[in-house]
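Novice: Quick one: the structure is below, and I'll ask about it shortly.
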Amino acid sequence: MRTASFVRIVLGFALSLLAMAFVHAATPPDASPVILIQNATVLTVTKGTIEHGSVLIKDGKIAEVGKDLKAPSGAQVIDGTGMFVTPGIIDCHSHIAVDGSVNEGSISVSSIANIAEVLDSDDISIFRDLAGGVTTANVLHGSANSIGGQTVVIKLRWGQTADKLPFEGALPGIKFALGENPKRSNFSVPGREKRYPASRMGVEETIRAAFTEARDYKNAWDAYNKKVAAGEKNLTAPRRDLRLDPLVEVLEGKRYVHSHCYREDEILMLLRVAKEFGFKVRTLQHVLEGYKVADELVAAGVGASTFSDWWAYKVEAYDAIPYNAALMTKRGVVVSINSDDAEEATHLNQEAAKTIRYGGLSHDEALKLVTINPAIQLGIDKRVGSIEVGKDADLVIYNHDPLSAYAVVQKTLIDGRVYFDRQQDIAGRPALEKEKKELLEKEKKAAKKSDDKKDEKKPGDKKPEDKKSEEKKKPEDMPKMPQADVNGGAL
Amino acid sequence: MNRAKCLATCSRVAFVASFVAVSFVPGAWAQAPTATTYAITHARIVTLAGPVIDDGTVVIKDGKIAAVGAAVEVPAGAQVIDAKGLQVSPGFFDAVTQMGLSEIGAVAATVDSSETGAINPDVVAATAVFPSTEHIPVTRAAGITEVLSVPGSGGFDSFGGRGLLAGQASAFHMAGWTMEDMQIKKSAAMVINWPTIVTESFDFATFSRKHKPFAEAKQDYDKQVNQLTDVLDTARHYAQAMGHGGPSDFERDVKLEALVPVVRGQLPVLVFADRARDIRNAVEFCDKQKLRMILAGGEEAYKVKDLLRSKDVPVILRPVLTYDREDDDPYDRLLTQPAELVAAGVKIAMASFDNSFARRLGQNAANAIAYGLSPEDGLKAVTLYPAQILGLSDQLGTLQVGKVANIIVTNGDPLDVTTEVKYLFIKGQLTSTDNRHKRLYEKYSNRPKS
Amino acid sequence: MKFHASRWCLLSCVTVFCLAAQFLAPSAFAQGGEPQYFAIRGAKVVPVSGPAIDDATVVVARGVILAVGGKDVAIPADALVIEGKGLIVYPGLFDAFTDVGMSSPPPAGQGEGGPRGGGQPAARGPEDRPGASPWRSAADEATLSDKRIESWRNAGFTTVVSAPKGGFFPGQAAVLDLAGERNGDLVVKTPVAIPVSLNPAGGFGSGFPDSKMGVLAYVHQVWLDVDWSTKAEATYDKNPKGVARPRYDRVNAALADALEDHALVLIPANSSLELRRALVLADRWKVPAAILGAQMAYEVAPELAAKKLPVILSAKWPEAEKDADPDDVPTLRELRFREKAPSSPAALAKAGVKFAFTSDGITSPADILKSVKKSIDAGLAPDAALRALTLTPAEIYGVADRTGSIEKGKIANLVVTDGDLFGEKTKIKMIFVDGKRFEIREPDRPKDPPKGDLTGKWTLKYSSPEGDEESTADLTMASDGTLSGTLTSKRGVATIISGYASAEKFNFLVNIPVQGNATDISFSGTFEKDTMKGTISVMSFSIDFTGTRPGSGNKSAEISLGGAK
C-alpha cells in the first residue's frame with residue numbers, strides 16, 4: 001500500500017471511529033428478476049464489442065448476449081441507448097468491509113487472523129465502490145507482516161448481511177508482504193523493541209521458518225491420521241494450531257498466496273521460496289517493479305496486480321512507473337489494476353484506461369485489467385469477468401465509454417439484481433435527509449423536555465432567559481456506537 | 001495524427017531526450033536555445049479566450065505567444081510542428097502542490113515541505129524547490145506547465161507539521177536550470193492553516209483514540225485564532241512603523257516583515273480549511289482583518305457557497321477524487337461540488353494538493369465535468385482560473401498574444417486519462433516530456449527475453 | 001488523586017471517619033438485633049413465578065421464604081409483622097451483569113483488553129495467553145467494602161452477577177446477593193459465567209492480539225486448546241509411558257473447570273453485525289454461550305431466537321454524547337439506533353428469546369429502572385420487564401431453584417415498594433436480602449432546593465502532600481438536587497456513591513482504594529455558578545480544594561483530564 005494513502009487511511013479510520021459506517025436505506029434488491037438490457041454498446045471483454053447489443057439476464061445469470069434479443073414476457077427492460085455495458089469491475093486488492101483493523105500487526109506471522117471472520121456488511125465503502133462499478137473485491141489483510149492474515153473474495157452485495165458477502169466457491173487466500181512494510185522501515189512503535197524481521201533477508205527467513213514449521217505440523221497430522229486409520233488406540237492428536245492450518249492449506253494448494261511486494265529482488269526471493277516448499281504464489285500485489293522481472297513472472301505463472309500510477313511515496317516505490325501494467329502485459333503476464341483504497345476503487349475503470357496512454361495497450365487489453373484478468377487471478381473466471389452466456393450477471397452500465405474519466409456508472413448489477421441505480425439513489429436522498437432531520441429534531445425535543453422538567457422542579461436562581469442562553473451553548477448530539485473499535489486502518 | 005509525421009517530429013524530441021539521459025542531467029531542463037520561434041499548425045486550438053479554432057496556428061516567439069488564429073502566417077525560420085489531429089491548449093496550472101519540496105514522501109531527509117512551529121511567515125517555498133527533482137519532468141509530461149508550491153500544505157509529505165502561518169507559496173514554471181529560470185512569483189500567497197476544533201484525535205504514540213470535550217477543544221482553537229490575531233496585529237503596527245521610516249532604534253523582525261505585504265493587502269492569504277464552520281470562521285476573520293483570502297481545500301465549501309460568493313473568496317478545491325467526509329454524504333458529494341459552486345457564482349480552481357499525484361490534475365477536472373461542470377469551466381479550473389486567483393492571468397492561463405507560451409499539444413481532450421501530451425512548451429521553449437518513468441520503461445522494454 | 005503513602009500508614013490506624021455519612025443519599029441500615037422472622041401482611045405480592053396475589057402475606061424465616069399466599073397463611077408468633085397495606089412486594093431485582101461487589105474499579109487507562117504496558121513483554125501469539133486470567137473468581141474477589149453494594153441495594157437490587165474486569169478472559173462470574181457480614185456471605189453460586197472481551201486493547205503494535213480478527217482467532221485457539229488439553233491429559237493419564245507429557249496450562253485448566261461447572265460463556269455483541277457474528281462464534285467455539293449487550297437486537301431478534309441463545313441485555317441505551325462538537329452530526333444509522341434501541345427488549349420478547357437486563361455500566365443505579373421503563377414505553381410488557389429483572393436472569397444462570405421469584409423455600413430476596421415498580425413516583429420502602437431487612441430512609445440532609453445546576457465537568461484543584469493535583473468530577477444533578485456521576489483522578493475513575501446539592505451547598509462521596517483498602521473520600525463545600533470551593537475529607541485528614549467548570553463560559557486555562565500538573 002502506498003504510504004501517502006496511509007495518511008488518508010489513518011485519517012479515514014480516525015474519522016470512522018466517530019461513527020461506524022452506515023448510510024442510506026440498505027435493503028437488498030429482491031430475488032433476481034428477468035432483465036433485458038437493450039440497444040447498448042456491450043463490451044464483452046472476451047468476445048468483442050457488440051454495438052446496439054442486448055444482454056438477457058435470468059436467474060442471476062447471463063442467459064443471452066446478442067444483437068436483437070427479444071424481451072421475454074414479464075421481463076424488465078433497461079434501455080441502454082447511448083450506454084456501455086461491461087462486466088462488473090473486480091478489485092484484486094481491497095480493504096473495504098472490514099470491521100476493525102485490517103492488520104494483526106503484532107506478529108510477523110499472523111496467519112491466525114482471518115478477514116473473513118470480521119466482514120462488515122455495514123461499511124459504506126461497499127456502497128461507494130459499488131457505485132463505482134465494482135462488483136467483486138479481494139479483501140486482504142494489511143501488509144504489516146511477512147505472512148499476514150487469511151483473506152476472502154467478496155461480492156459487493158450492499159444491504160445483505162455479512163454472511164452473504166463472500167464469493168461462493170472462491171478459494172480463500174492469505175496475505176504475504178515483503179519489503180519496507182513487514183520490516184517496519186517507515187515507522188516504529190514507541191517503547192517497543194524492533195520486531196524481527198528488520199531486513200529483506202529476515203523476511204525470507206520468516207517465511208521459510210513458518211513453512212518449515214507448517215510442513216512438520218502437516219507431517220504430524222498425516223502420521224496421526226494414518227495411525228488412526230490403522231486402528232491404533234489411545235493416541236493423542238496433535239494440537240490444532242490455527243496459525244499453521246492456513247499454511248498447510250497453501251502447501252496443499254487449497255489457499256492462494258497474495259503477496260504485497262515492490263522490488264525486483266524480493267519478488268524473485270518469494271518465487272524461490274515458493275519453489276523450495278512446493279507451493280504457488282497466486283498473485284503479486286503492487287509489484288511495482290514487476291516490469292523489471294516480467295519474464296520471471298511469466299515463467300512462475302504468477303499474476304501481477306498493480307497500481308495505475310502511484311509512485312515516490314517511499315523508497316521502494318521510487319522506480320514505480322505507470323507503464324508497469326502495460327509492459328508486463330506485453331511480456332505475457334496476467335495483469336490487473338487494483339485499488340488498495342476505497343476511494344481509488346470507485347474509478348478503477350479510469351485507472352485501467354491509463355495503460356492506453358502509458359504503454360499503448362488496446363481498449364480491450366485495458367478493460368481486461370479490471371475484469372477478466374483479476375477474475376483469472378482469483379480463480380473465479382468461470383463465473384465472472386466477462387459478458388458470456390452462463391456467467392453471473394455482474395454488470396455495469398455506464399453513460400460513456402468506461403475507459404475515460406467522463407464515464408459515470410448508471411447501474412451496477414450483481415447476480416442479476418440491480419444493487420446500485422444512480423437515478424434511484426439521487427431520488428432517494430431527500431427522504432433520507434428528511435428522516436435524519438426528524439430524528440435529530442426528536443432528540444432535541446426530548447432533551448429539551450427533560451431539561452424543562454428539571455426546571456419545573458428546581459427553583460434555581462436562574463431566570464428563564466438565562467436558561468435559554470445556556471441551552472444554546474449545549475453541544476448537540478454525537479454518535480456513540482456500541483463496541484467502537486480503537487483499531488483500524490490498512491498499512 | 002499522421003503517423004509518419006509524428007515519427008519525424010518525435011524523433012527530434014527523442015534525440016534531445018537521449019542526450020539528456022546520457023549526460024545525466026536530472027529533471028528540469030529546456031531545449032537548446034536554437035529555435036526561439038515556433039509555429040504549431042493545423043491544430044484544434046482551445047484558447048480559452050474565445051471560440052475554439054478548429055484548424056489554426058499558434059506562433060511562439062521569444063517565450064511569448066506571438067499569434068493565434070485560423071489565418072496566421074508561419075514566420076520565416078520558425079520551427080514548424082504540424083499538429084493535424086492534435087489539440088493545443090494552455091498548459092495546466094496546479095495551484096496547490098509540494099513540487100520540488102518533497103522527493104520521497106516516506107523519507108524525511110528528502111522532504112522540505114514544512115517547518116516546525118506555528119508561526120513561520122518568513123519561510124519561502126522557492127528557497128527549497130529542488131530544480132532537479134524527478135517530479136518535475138514526470139509531472140509536466142502530464143501537461144502541467146506551472147505550479148504553486150505550498151509550504152505546510154499538509155498530507156503525508158509534510159510529516160504532519162503544518163503550522164498556523166506556514167510560509168510563502170511560490171509559483172514557478174515546470175522547466176529551468178535554476179529557480180531564477182523557473183520562477184514566476186517567488187511570493188504568491190501567504191499560507192494560513194486555519195485551526196480546527198478537534199474533539200476526536202488519534203494518538204500515534206499509543207495508537208488509540210482520544211476524546212476531548214468540545215468546550216476544551218474550542219479553547220485550544222480559540223487560543224490559536226488569538227495567536228493568529230496577535231501576530232497580524234503586531235505586524236500591522238510593524239508595517240506602520242516601517243511606513244514612518246521607524247525610529248532609529250527600530251528593531252527589524254524577519255517574521256513580522258514577511259507579514260507586512262499581507263496586512264497591507266498586497267499579498268493574498270491562502271487559507272486551508274475544509275469544514276464549513278472553519279471556512280465560515282476563516283472568511284469572517286479575513287474580512288475583519290482585511291486580508292485577501294483564497295480558500296484552499298474546501299471540502300464543505302458547498303455549505304457556505306453564498307458567503308464565499310458574497311465575500312468574493314475564490315476556492316482552490318482539493319481533488320474531487322477524494323473519499324467523502326461523512327458516511328451520510330451522497331457518494332458523489334465531492335464530484336458534484338465544482339459544478340454546484342460555479343453555478344452559485346463562486347470562483348473555483350482545482351489542484352492536486354500533492355506531489356506524486358499531481359499528474360492526476362486533469363483526471364480530477366474531467367471527473368468534475370462528468371458530474372455536471374461545463375467542459376469549458378473544467379479546463380479553465382486548471383488553467384485560467386488558478387492564474388486569475390493568484391493574480392497571474394496577465395501572463396498565464398489562456399492562449400492570447402503576449403502571454404507566456406506555456407502550451408500543451410495533446411492527442412485528444414487534454415483532461416482525459418487516455419490522452420497523451422505530444423508537445424510541451426514552457427516559457428516558449430519546446431520542452432521534453434522525457435522523464436524517469438519513460439526512461440525506465442524504455443530500458444526494461446529493451447530487456448532481452450530471458 | 002494521590003496522597004503521600006507514609007501519611008496514609010499513619011492515617012489508616014485512625015478509625016475511618018466517614019464525614020459524608022450523615023449526608024448519604026437514600027440510605028438503608030440493617031438494624032442490629034432484628035428478628036429472624038418477618039411477615040409482610042396485607043400487601044400485594046407479585047411472585048413473578050405465578051399470578052399476583054392481592055392482600056397477601058409473605059413469611060420470611062432465617063433467610064428463606066417460609067410461606068407466601070393469601071390471608072390464610074399462618075404468621076409465626078415471633079415474626080415481626082409488617083403492615084403491607086398499599087405496598088407491593090416483588091422478588092429482589094437481579095442485575096444480570098455488572099462489577100458491583102468487585103474490589104475496585106480498574107485504574108484509568110486499563111481498558112477492556114488485557115493488562116498492558118508496565119514493561120510487560122508484548123505477547124507473540126496465543127500461546128503467551130495475553131490478557132487471560134480466567135482463574136480469577138468473582139466469588140473470591142467479592143467484597144462488602146464496595147459501596148455500590150449499598151447503592152444498588154437501595155435501588156431494589158438484591159442480586160447481581162459480577163465478574164472481574166480486564167483482559168480477554170478476565171475471570172469467572174458469580175451470582176452475589178448484596179448483603180452479608182463477611183465477604184463470603186455474598187456468594188450465591190460460582191462460577192456461573194465466563195465473560196470474554198473481543199476488543200483489542202492496546203492498538204497497533206501493542207502485542208498480540210492488536211486487531212479484532214486477532215482477538216477472535218485467539219479466543220478460538222484457546223477454546224480449541226481447552227478441549228485438546230482435556231483430551232490429551234486423559235489419554236496421557238491412561239498410558240503415560242513413552243509419550244510426551246502435555247504441558248499444564250493454567251488458562252486451559254481454569255476454563256475447563258468452569259465449563260464443567262456449566263458456566264456460560266458471555267459473548268459481547270451489540271450491533272446487528274456483532275450479534276450475527278456472535279451466533280457464528282457460539283457454534284465455532286462449541287461452548288454453552290449467552291449474548292451480552294444486544295442493543296441492536298431489534299434488528300436480529302428472530303435470528304437470535306432461532307439459535308436459542310439467552311441474552312443478557314444492556315439497559316444502557318445509546319444516547320448523544322454530552323460534550324461533543326455540535327457540528328459533528330451523527331449518521332442516520334446512528335440516529336436510528338438511538339431511536340430504536342429501547343425497542344430491543346420488546347423485539348426479543350416477541351421473538352421468544354430468553355433475556356435478562358444488565359445495568360451495563362450505568363453508574364447511577366436509580367437510572368436502571370428508568371432505563372427499563374423506556375423499553376416498556378417502547379412496547380415491552382411490564383410483566384416481561386419484571387421477569388427480565390428477576391426470574392429470567394436466575395434461570396439463565398442456573399439459580400432459579402433458589403432465587404428470582406417469591407416462592408416457598410427460595411432465598412428471601414424481596415423488594416417492597418409503595419406502588420408499581422416502574423411508576424415514576426414509586427418509592428422503594430424496604431429490601432430483604434437473604435432475609436435481612438434494609439429500610440430505606442429519607443436522606444438526612446438539608447431540603448433547600450439547589451441554587452443552580454451542578455451538571456457538567458468540573459476541574460478540581462488541590463494540594464496534596466505531594467504537591468498540586470487535579471481531578472475531574474463529571475456531575476449530573478437530578479431535579480431534587482441528587483448528584484451522581486464520576487470522579488476521574490490518577491487513581492482511576494470512581495463512581496459517585498451519593499451526593500446532593502442544597503441551596504449553595506453540595507456534598508458527594510466516592511470510594512477509592514487506598515493501600516488496598518476501599519476508602520471513602522468526601523467532597524463538600526459551596527458553589528456559585530461555575531466555581532466551587534470546599535474540603536476533601538478522607539479518614540480524619542482534610543484538604544481544601546477549588547473547582548471550576550470550563551466550557552460554560554468560564555475562561556480558565558488549560559485543563560488536563562485527571563492528571564497532575
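Note on naming: chains are A, B, ... as they come in the C-alpha cells, residues start from 1 per chain, ligands start from 1 in the order shown.
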Within 7 Å of Ile496 in chain C, counting only C-alpha atoms, which residues show up once you throw out same-chain ones fewer than 4 positions away? Write them as a PyMOL selection string, please.
Specialist: chain C and resi 484-487+508-510
Novice: I want to know what sits within 8 Å of Asp354 in chain B, based on only C-alpha atoms, with residues of the same chain fewer than 5 positions away left out; could you give that as number ranges by chain?
Specialist: B: 96-99, 155
Novice: How many Å separate CA of Gly397 in chain B from CA of Arg436 in chain B?
Specialist: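 It comes out at 27.5 Å.
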Novice: Tell me the residues of chain B close to chain A, meaning within 8 Å using only C-alpha atoms, as a ChimeraX atom specification.
Specialist: /B:103-107,155-157,200-202,205-209,214,321-323,327-328,330-331,356-357,363,366-367,369-371,416-420,437-438,440-441,444-445,449-450
Novice: Which residue is closest to chain B? Choose from C:Arg333, C:Arg402, C:Lys189, C:Lys505 and count only C-alpha atoms.
Specialist: C:Arg333
Novice: Do you know which residues are at most 8 Å from range 56-66 of chain B counting only C-alpha atoms, after dropping those on the same chain fewer than 3 positions away, and could you put them as a list in words?
Specialist: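 Non-adjacent residues within range: Thr36, Thr37, Tyr38, Ala39, Ile40, Thr41, His42, Ala43, Arg44, Ile45, Ile53, Gly69, Ala70, Ala71, Val72, Glu73, Val74, Pro75, Leu399, Gln400, Val401, Gly402, Lys403, Val404, Ala405, Ile426, Lys427, Gly428 and Gln429 of chain B.
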Novice: Taking the DSSP assignment computed from this structure's backbone, write out as a ChimeraX atom specification all residues of range 323-432 of chain A that belong to alpha helix (DSSP H).
Specialist: /A:324-331,348-357,363-368,372-377,422-432
Novice: Could you work out how far CA of Ala315 in chain C lies from CA of Phe422 in chain C, giving the answer in Å with one decimal?
Specialist: 14.0 Å
Novice: Could you work out how far CA of Glu339 in chain C lies from CA of Lys442 in chain A, giving the answer in Å with one decimal?
Specialist: 9.1 Å
Novice: Enumerate as a ChimeraX atom specification all residues of range 297-416 of chain B assigned to strand (DSSP E) by DSSP on the backbone, naming them with the chain letters and numbers the document uses.
Specialist: /B:297,315-317,348-350,407-410
Novice: For a quick check of understanding, using only C-alpha atoms, which of C:Ala79, C:Val416, C:Ile312, C:Ala347 has the smallest distance to Asp95 in chain C?
Specialist: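 Smallest distance to Asp95 in chain C is found for C:Ile312.
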Novice: List the neighbours of Ser305 in chain A out to 12 Å using only C-alpha atoms; skip same-chain residues closer than 6 positions along the sequence, and give me the result as a ChimeraX atom specification.
Specialist: /A:1,90-94,138,258-262,282-291,297,324-326,328-329,333-340,352,369-370,373-378
Novice: Given the choices C:Ala278, C:Leu80, C:Leu264, C:Ala320, which gets closest to chain A if the distance is worked out from only C-alpha atoms?
Specialist: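 Going through C:Ala278, C:Leu80, C:Leu264, C:Ala320 one by one, the smallest distance to chain A is for C:Ala320.
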Novice: I need the residue nearest Leu367 in chain A from this list: A:Gly48, A:Pro166, A:Pro33, A:Gly301. Use only C-alpha atoms for the distance.
Specialist: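 Going through A:Gly48, A:Pro166, A:Pro33, A:Gly301 one by one, the smallest distance to Leu367 in chain A is for A:Gly48.
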Novice: Restricting the calculation to only C-alpha atoms: of A:Ser199, A:Ser101, A:Ser111, A:Ser362, which residue gets closest to chain C?
Specialist: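 Nearest to chain C: A:Ser101.
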